[in-house]
file protein_14.cif (mmCIF, C-alpha atoms)
data_model
loop_
_atom_site.label_atom_id
_atom_site.label_comp_id
_atom_site.auth_asym_id
_atom_site.auth_seq_id
_atom_site.Cartn_x
_atom_site.Cartn_y
_atom_site.Cartn_z
CA MET J 4 0.00 0.00 0.00
CA LEU J 5 1.09 3.54 -0.73
CA THR J 6 0.25 5.98 2.07
CA ILE J 7 0.61 9.55 0.93
CA GLU J 8 -0.57 12.98 2.08
CA GLN J 9 -3.52 14.36 0.16
CA ALA J 10 -1.71 17.69 -0.29
CA ILE J 11 1.16 15.93 -2.09
CA LEU J 12 -1.28 14.02 -4.29
CA ASP J 13 -3.01 17.30 -5.11
CA ALA J 14 0.33 18.87 -6.06
CA ILE J 15 1.16 15.90 -8.29
CA VAL J 16 -2.21 16.12 -10.01
CA ALA J 17 -1.75 19.88 -10.51
CA HIS J 18 1.66 19.23 -12.07
CA VAL J 19 0.49 16.57 -14.52
CA ARG J 20 -2.62 18.62 -15.43
CA ARG J 21 -0.41 21.63 -16.12
CA ASP J 22 1.80 19.67 -18.53
CA HIS J 23 -1.06 17.85 -20.28
CA PRO J 24 -1.05 16.75 -23.13
CA ASP J 25 2.66 16.09 -22.60
CA GLU J 26 3.51 13.41 -20.09
CA ALA J 27 4.75 14.81 -16.79
CA CYS J 28 7.02 13.09 -14.30
CA GLY J 29 8.62 13.49 -10.92
CA ILE J 30 9.33 11.90 -7.59
CA VAL J 31 8.36 12.19 -3.96
CA ALA J 32 11.36 11.78 -1.72
CA GLY J 33 11.23 10.69 1.89
CA PRO J 34 13.53 9.61 4.70
CA ALA J 35 15.46 6.49 3.67
CA GLY J 36 13.73 3.33 4.83
CA SER J 37 10.63 5.17 6.05
CA ASP J 38 8.30 4.34 3.13
CA THR J 39 6.89 7.83 3.79
CA PRO J 40 6.88 10.26 0.86
CA THR J 41 7.36 13.79 2.19
CA ARG J 42 9.07 16.00 -0.42
CA HIS J 43 7.46 16.45 -3.85
CA ILE J 44 9.99 17.11 -6.60
CA PRO J 45 8.49 17.73 -10.07
CA MET J 46 11.05 16.79 -12.72
CA ASP J 47 11.44 18.02 -16.30
CA ASN J 48 10.32 15.60 -18.95
CA ALA J 49 13.41 15.81 -21.16
CA ALA J 50 11.52 13.98 -23.92
CA ARG J 51 8.73 16.62 -23.97
CA SER J 52 6.42 14.07 -25.49
CA THR J 53 2.77 13.10 -25.25
CA THR J 54 3.73 9.42 -25.08
CA PHE J 55 7.15 9.22 -23.44
CA TYR J 56 8.95 10.65 -20.45
CA GLU J 57 12.54 10.71 -19.39
CA PHE J 58 14.23 12.55 -16.54
CA ASP J 59 16.90 15.00 -17.61
CA SER J 60 20.14 13.25 -16.62
CA SER J 61 21.79 16.33 -15.12
CA GLU J 62 18.73 17.26 -13.10
CA GLN J 63 18.45 13.67 -11.94
CA LEU J 64 22.02 13.65 -10.64
CA ARG J 65 21.47 16.92 -8.79
CA VAL J 66 18.25 15.68 -7.19
CA TRP J 67 19.73 12.26 -6.31
CA ARG J 68 22.76 13.96 -4.67
CA GLU J 69 20.46 16.20 -2.71
CA MET J 70 18.51 13.18 -1.49
CA ASP J 71 21.74 11.48 -0.47
CA ASP J 72 22.80 14.55 1.48
CA ARG J 73 19.46 14.58 3.29
CA ASP J 74 19.44 10.81 3.86
CA GLU J 75 16.40 10.46 1.62
CA GLU J 76 15.42 8.13 -1.18
CA PRO J 77 12.81 8.25 -3.94
CA ILE J 78 9.73 6.75 -2.29
CA VAL J 79 7.40 7.52 -5.20
CA VAL J 80 8.22 7.80 -8.91
CA TYR J 81 5.27 9.21 -10.83
CA HIS J 82 4.34 9.99 -14.40
CA SER J 83 1.21 10.66 -16.37
CA HIS J 84 -0.42 8.91 -19.28
CA THR J 85 -2.32 11.57 -21.16
CA ALA J 86 -4.45 9.49 -23.52
CA THR J 87 -4.52 6.05 -21.92
CA GLU J 88 -5.27 4.44 -18.58
CA ALA J 89 -3.11 4.76 -15.47
CA TYR J 90 -1.53 1.35 -15.85
CA PRO J 91 2.16 0.61 -16.58
CA SER J 92 2.88 0.16 -20.28
CA ARG J 93 5.35 -2.43 -21.48
CA THR J 94 7.83 0.41 -21.77
CA ASP J 95 7.22 1.41 -18.15
CA VAL J 96 7.78 -2.14 -16.98
CA SER J 97 10.92 -2.67 -19.05
CA LEU J 98 12.50 0.56 -17.88
CA ALA J 99 11.50 0.41 -14.21
CA GLY J 100 14.90 0.67 -12.55
CA ILE J 101 14.10 1.59 -8.96
CA PRO J 102 12.82 -1.59 -7.31
CA GLU J 103 12.19 0.09 -3.95
CA ALA J 104 9.88 2.78 -5.36
CA HIS J 105 6.12 3.02 -5.61
CA TYR J 106 5.35 3.69 -9.25
CA LEU J 107 2.43 6.10 -9.29
CA LEU J 108 0.56 6.55 -12.57
CA ILE J 109 -1.90 9.33 -13.23
CA SER J 110 -4.17 9.40 -16.24
CA THR J 111 -5.25 12.83 -17.49
CA ARG J 112 -7.24 11.56 -20.45
CA GLU J 113 -10.52 12.62 -18.80
CA PRO J 114 -10.66 16.37 -18.23
CA GLU J 115 -12.97 16.15 -15.23
CA SER J 116 -11.69 13.08 -13.41
CA THR J 117 -8.18 11.93 -12.63
CA GLU J 118 -7.27 8.28 -12.33
CA ILE J 119 -4.45 7.63 -9.83
CA ARG J 120 -3.02 4.15 -9.32
CA SER J 121 0.09 2.79 -7.67
CA PHE J 122 2.24 -0.20 -8.55
CA ARG J 123 5.32 -2.09 -7.53
CA ILE J 124 7.39 -3.15 -10.50
CA LEU J 125 9.97 -5.80 -9.75
CA ASP J 126 11.77 -8.09 -12.18
CA GLY J 127 9.27 -7.25 -14.88
CA VAL J 128 6.29 -8.13 -12.69
CA VAL J 129 3.61 -5.49 -12.03
CA LYS J 130 1.70 -5.59 -8.77
CA GLU J 131 -0.99 -3.02 -8.08
CA GLU J 132 -1.40 -1.67 -4.56
CA PRO J 133 -4.00 0.57 -2.91
CA VAL J 134 -3.35 4.30 -2.58
CA HIS J 135 -4.17 5.51 0.92
CA ALA J 136 -4.45 9.30 0.97
CA VAL J 137 -4.21 10.91 4.40
CA GLN J 138 -4.56 14.48 5.61
CA SER J 139 -1.37 14.15 7.61
CA TYR J 140 1.04 11.32 8.41
CA MET J 141 0.67 12.18 12.11
CA PHE J 142 -3.06 11.61 11.99
CA GLY J 143 -3.07 9.02 9.27
CA GLN J 144 -5.89 6.98 10.72
CA THR J 145 -8.48 9.76 10.96
CA PRO J 146 -11.81 9.40 9.16
CA ASN J 147 -10.52 12.06 6.79
CA SER J 148 -8.40 9.48 4.99
CA VAL J 149 -9.55 8.29 1.59
CA ASP J 150 -8.69 4.93 0.12
CA TYR J 151 -8.48 4.59 -3.62
CA GLU J 152 -9.42 1.04 -4.40
CA CYS J 153 -7.39 -1.07 -6.76
CA ARG J 154 -8.96 -1.37 -10.14
CA GLY J 155 -8.19 -3.72 -12.98
CA MET L 10 44.64 5.27 -9.15
CA ALA L 11 41.46 4.90 -7.15
CA ILE L 12 38.04 5.78 -8.43
CA ASP L 13 34.98 5.57 -6.20
CA VAL L 14 31.98 4.16 -8.01
CA ARG L 15 28.46 4.62 -6.68
CA ILE L 16 26.16 1.74 -7.50
CA PRO L 17 22.34 2.02 -7.66
CA THR L 18 20.16 -0.39 -5.69
CA ILE L 19 19.20 -2.43 -8.73
CA LEU L 20 22.83 -3.32 -9.47
CA ARG L 21 23.94 -4.01 -5.92
CA SER L 22 23.27 -7.71 -6.40
CA PHE L 23 26.53 -7.62 -8.38
CA THR L 24 28.50 -5.86 -5.65
CA GLY L 25 27.46 -7.96 -2.68
CA GLY L 26 25.09 -5.22 -1.60
CA SER L 27 27.77 -2.50 -1.56
CA LYS L 28 26.62 1.01 -2.35
CA THR L 29 30.11 2.22 -3.23
CA VAL L 30 32.96 0.20 -4.71
CA ALA L 31 36.48 1.16 -5.78
CA GLY L 32 38.07 0.56 -9.13
CA SER L 33 40.82 1.85 -11.35
CA GLY L 34 41.36 2.83 -14.96
CA GLU L 35 42.48 5.68 -17.16
CA THR L 36 39.16 5.74 -18.96
CA LEU L 37 35.59 4.73 -18.19
CA ALA L 38 35.99 1.64 -20.40
CA GLU L 39 39.06 0.55 -18.40
CA LEU L 40 37.28 1.21 -15.13
CA LEU L 41 34.28 -0.90 -16.13
CA SER L 42 36.55 -3.76 -17.18
CA ASP L 43 38.41 -3.52 -13.87
CA LEU L 44 35.11 -3.55 -11.96
CA ASP L 45 33.90 -6.53 -13.93
CA SER L 46 36.89 -8.58 -12.80
CA ASN L 47 35.77 -8.07 -9.19
CA TYR L 48 32.03 -7.96 -9.81
CA PRO L 49 31.34 -10.26 -12.74
CA GLY L 50 28.28 -9.38 -14.76
CA LEU L 51 28.21 -5.72 -13.80
CA LYS L 52 29.72 -4.51 -17.07
CA ALA L 53 27.16 -6.34 -19.17
CA ARG L 54 24.42 -4.33 -17.43
CA LEU L 55 26.08 -1.09 -18.47
CA ILE L 56 27.49 -1.83 -21.92
CA THR L 57 25.75 -3.40 -24.89
CA PRO L 58 27.15 -6.44 -26.72
CA GLU L 59 28.10 -3.96 -29.46
CA GLY L 60 30.26 -2.08 -26.99
CA GLY L 61 28.24 1.10 -26.44
CA LEU L 62 26.72 2.47 -23.27
CA HIS L 63 23.21 1.23 -22.62
CA ARG L 64 20.61 3.80 -23.61
CA PHE L 65 18.81 3.82 -20.27
CA VAL L 66 21.76 3.92 -17.91
CA ASN L 67 23.25 7.20 -16.78
CA ILE L 68 26.91 7.27 -15.81
CA TYR L 69 28.51 10.42 -14.47
CA VAL L 70 32.11 11.38 -13.81
CA ASN L 71 31.88 13.75 -10.86
CA ASP L 72 29.07 16.12 -11.97
CA GLU L 73 29.01 15.41 -15.68
CA ASP L 74 27.07 12.85 -17.73
CA VAL L 75 29.71 10.80 -19.56
CA ARG L 76 27.77 11.28 -22.78
CA PHE L 77 29.23 14.79 -22.71
CA LEU L 78 32.74 13.49 -21.94
CA GLY L 79 33.33 11.01 -24.72
CA SER L 80 31.20 8.22 -23.31
CA LEU L 81 33.35 5.12 -22.69
CA ASP L 82 36.47 7.11 -23.65
CA ALA L 83 35.86 9.58 -20.81
CA LYS L 84 39.16 10.22 -19.04
CA LEU L 85 39.40 9.48 -15.34
CA ASN L 86 41.69 10.91 -12.69
CA ASP L 87 42.68 9.67 -9.28
CA GLY L 88 40.01 10.68 -6.79
CA ASP L 89 37.19 11.01 -9.31
CA THR L 90 33.77 9.74 -8.35
CA VAL L 91 31.77 7.79 -10.91
CA THR L 92 28.02 7.56 -10.29
CA VAL L 93 25.73 5.06 -11.97
CA LEU L 94 21.99 5.80 -11.98
CA PRO L 95 19.16 4.02 -13.75
CA ALA L 96 17.56 6.40 -16.21
CA VAL L 97 14.02 7.15 -15.12
CA ALA L 98 11.92 6.84 -18.24
CA GLY L 99 8.81 5.24 -19.65
CA GLY L 100 5.46 6.30 -20.98
CA ALA L 101 2.52 5.14 -22.99
CA PHE L 102 4.67 4.51 -26.07
CA GLY L 103 5.54 1.04 -27.29
CA MET L 104 9.13 0.05 -26.66
CA ALA L 105 10.19 0.08 -30.29
CA ALA L 106 9.07 3.66 -30.64
CA ALA L 107 10.67 4.61 -27.34
CA LEU L 108 13.98 3.17 -28.39
CA ALA L 109 13.83 5.03 -31.67
CA LEU L 110 13.82 8.33 -29.80
CA SER L 111 17.18 9.95 -30.07
CA ARG L 112 18.86 11.50 -27.11
CA PRO L 113 21.56 14.06 -27.75
CA PRO L 114 24.50 14.24 -27.82
CA SER L 115 25.17 10.59 -28.55
CA PRO L 116 22.08 8.41 -28.73
CA GLN L 117 22.64 4.77 -27.96
CA PRO L 118 19.49 3.00 -29.08
CA THR L 119 19.82 -0.32 -27.35
CA ALA L 120 17.81 -2.63 -25.20
CA PRO L 121 17.27 -1.49 -21.63
CA ALA L 122 19.89 -2.67 -19.23
CA LEU L 123 18.63 -2.12 -15.77
CA ARG L 124 15.62 -4.32 -15.70
CA GLY L 125 15.38 -6.44 -12.58
#
call {"tool": "encode", "arguments": {"input": "protein_14.cif", "output": "structure tokens"}}
result
Amino acid sequence: MLTIEQAILDAIVAHVRRDHPDEACGIVAGPAGSDTPTRHIPMDNAARSTTFYEFDSSEQLRVWREMDDRDEEPIVVYHSHTATEAYPSRTDVSLAGIPEAHYLLISTREPESTEIRSFRILDGVVKEEPVHAVQSYMFGQTPNSVDYECRG
Amino acid sequence: MAIDVRIPTILRSFTGGSKTVAGSGETLAELLSDLDSNYPGLKARLITPEGGLHRFVNIYVNDEDVRFLGSLDAKLNDGDTVTVLPAVAGGAFGMAAALALSRPPSPQPTAPALRG
């Protein structure tokens, strides 16, 4: 399960909506080993494409160094699909190189509704997991939390 | 001639779990060969059978992507740090189309290396 603050999810959705119809991408960093995503970092899509994304290699190094310095790791790696469902494509699966990350996919194909789904991708195997949005990690079990059910 | 090499999680199965390993070489190609003698299989995850860098692996010498430094011919100096990161990429495209995308300055359209 991915547990993530609603405010971070909202910021991710705002980012991918802003870049639509290009695919948008980024990460949410968090303390190493915590499985808690705390710092949203939108990344440039160096491919600037409606069907492909790729982090800029120089930006990636800078961000990865910064995480190292802060004892963080990428907890969530996200990107949008702008004309298809929020499910990992064969390309996504083949290129998934961060086994410890939650791969969050957001579909912006519907203007009024946003599909958000999370996956683990390990050794070419895709496993969907629920997204548990909370108002705050401190009060994660309040009735304010919203669970997005797995679909598909 | 000691070069520190930072290894991403997905390749640490080749380094016994080590996050940083040491190697030597005058160029990146020499360094990778040296590493492969201690960590067999590592080089094949970074270099294609044709001898080029894998398209979806990023290797940096200090702060610079080696694609800007002559790729495998990049010169190394004592005390340099080499960082290996999996490229973060994907998208709704089919793989064939994705691989056809060029990436300046020296596209290396090859099969992905860092998969599981």
call {"tool": "resolve_selection", "arguments": {"input": "protein_14.cif", "expression": "the PyMOL selection byres ((chain J) within 8 of (chain L))", "output": "PyMOL selection string"}}
result
chain J and resi 26+54-58+60-61+64+82-84+87+91-102+125-127
call {"tool": "atom_distance", "arguments": {"input": "protein_14.cif", "atom1": "CA of Asn48 (chain J)", "atom2": "CA of Val79 (chain J)"}}
result
16.2 Å
call {"tool": "resolve_selection", "arguments": {"input": "protein_14.cif", "expression": "the PyMOL selection byres ((chain J and resi 8-18) around 8)", "output": "list in words"}}
result
Thr6, Ile7, Val19, Arg20, Arg21, Asp22, Ala27, Thr41, His43, Pro45, Ile109, Thr117, Ala136, Val137, Gln138, Ser139 and Tyr140 of chain J
call {"tool": "write_last_selection", "arguments": {"input": "protein_14.cif", "atoms": "C-alpha atoms", "output": "PDB file, keeping the file's coordinate frame"}}
result
ATOM      1  CA  THR J   6       0.250   5.980   2.070  1.00  0.00           C
ATOM      2  CA  ILE J   7       0.610   9.550   0.930  1.00  0.00           C
ATOM      3  CA  VAL J  19       0.490  16.570 -14.520  1.00  0.00           C
ATOM      4  CA  ARG J  20      -2.620  18.620 -15.430  1.00  0.00           C
ATOM      5  CA  ARG J  21      -0.410  21.630 -16.120  1.00  0.00           C
ATOM      6  CA  ASP J  22       1.800  19.670 -18.530  1.00  0.00           C
ATOM      7  CA  ALA J  27       4.750  14.810 -16.790  1.00  0.00           C
ATOM      8  CA  THR J  41       7.360  13.790   2.190  1.00  0.00           C
ATOM      9  CA  HIS J  43       7.460  16.450  -3.850  1.00  0.00           C
ATOM     10  CA  PRO J  45       8.490  17.730 -10.070  1.00  0.00           C
ATOM     11  CA  ILE J 109      -1.900   9.330 -13.230  1.00  0.00           C
ATOM     12  CA  THR J 117      -8.180  11.930 -12.630  1.00  0.00           C
ATOM     13  CA  ALA J 136      -4.450   9.300   0.970  1.00  0.00           C
ATOM     14  CA  VAL J 137      -4.210  10.910   4.400  1.00  0.00           C
ATOM     15  CA  GLN J 138      -4.560  14.480   5.610  1.00  0.00           C
ATOM     16  CA  SER J 139      -1.370  14.150   7.610  1.00  0.00           C
ATOM     17  CA  TYR J 140       1.040  11.320   8.410  1.00  0.00           C
TER      18      TYR J 140
END
call {"tool": "residues_around", "arguments": {"input": "protein_14.cif", "residues": "Arg15 (chain L)", "least_positions_apart": "4", "cutoff": "8 Å", "atoms": "only C-alpha atoms", "output": "NGL selection string"}}
result
:L and (28-30 or 90-93)
call {"tool": "resolve_selection", "arguments": {"input": "protein_14.cif", "expression": "the PyMOL selection byres ((chain L and resi 88) around 9)", "output": "list in words"}}
result
Met10, Ala11, Ile12, Asp13, Leu85, Asn86, Asp87, Asp89 and Thr90 of chain L
call {"tool": "atom_distance", "arguments": {"input": "protein_14.cif", "atom1": "CA of Met4 (chain J)", "atom2": "CA of Ser52 (chain J)"}}
result
29.8 Å
call {"tool": "residues_near_point", "arguments": {"input": "protein_14.cif", "point": "(40.7, -3.3, -7.1)", "cutoff": "9 Å", "atoms": "all atoms listed in the file", "output": "VMD selection string"}}
result
chain L and resid 11 30 to 33 43 to 44 46 to 47
call {"tool": "atom_distance", "arguments": {"input": "protein_14.cif", "atom1": "CA of Arg73 (chain J)", "atom2": "CA of Leu41 (chain L)"}}
result
28.9 Å
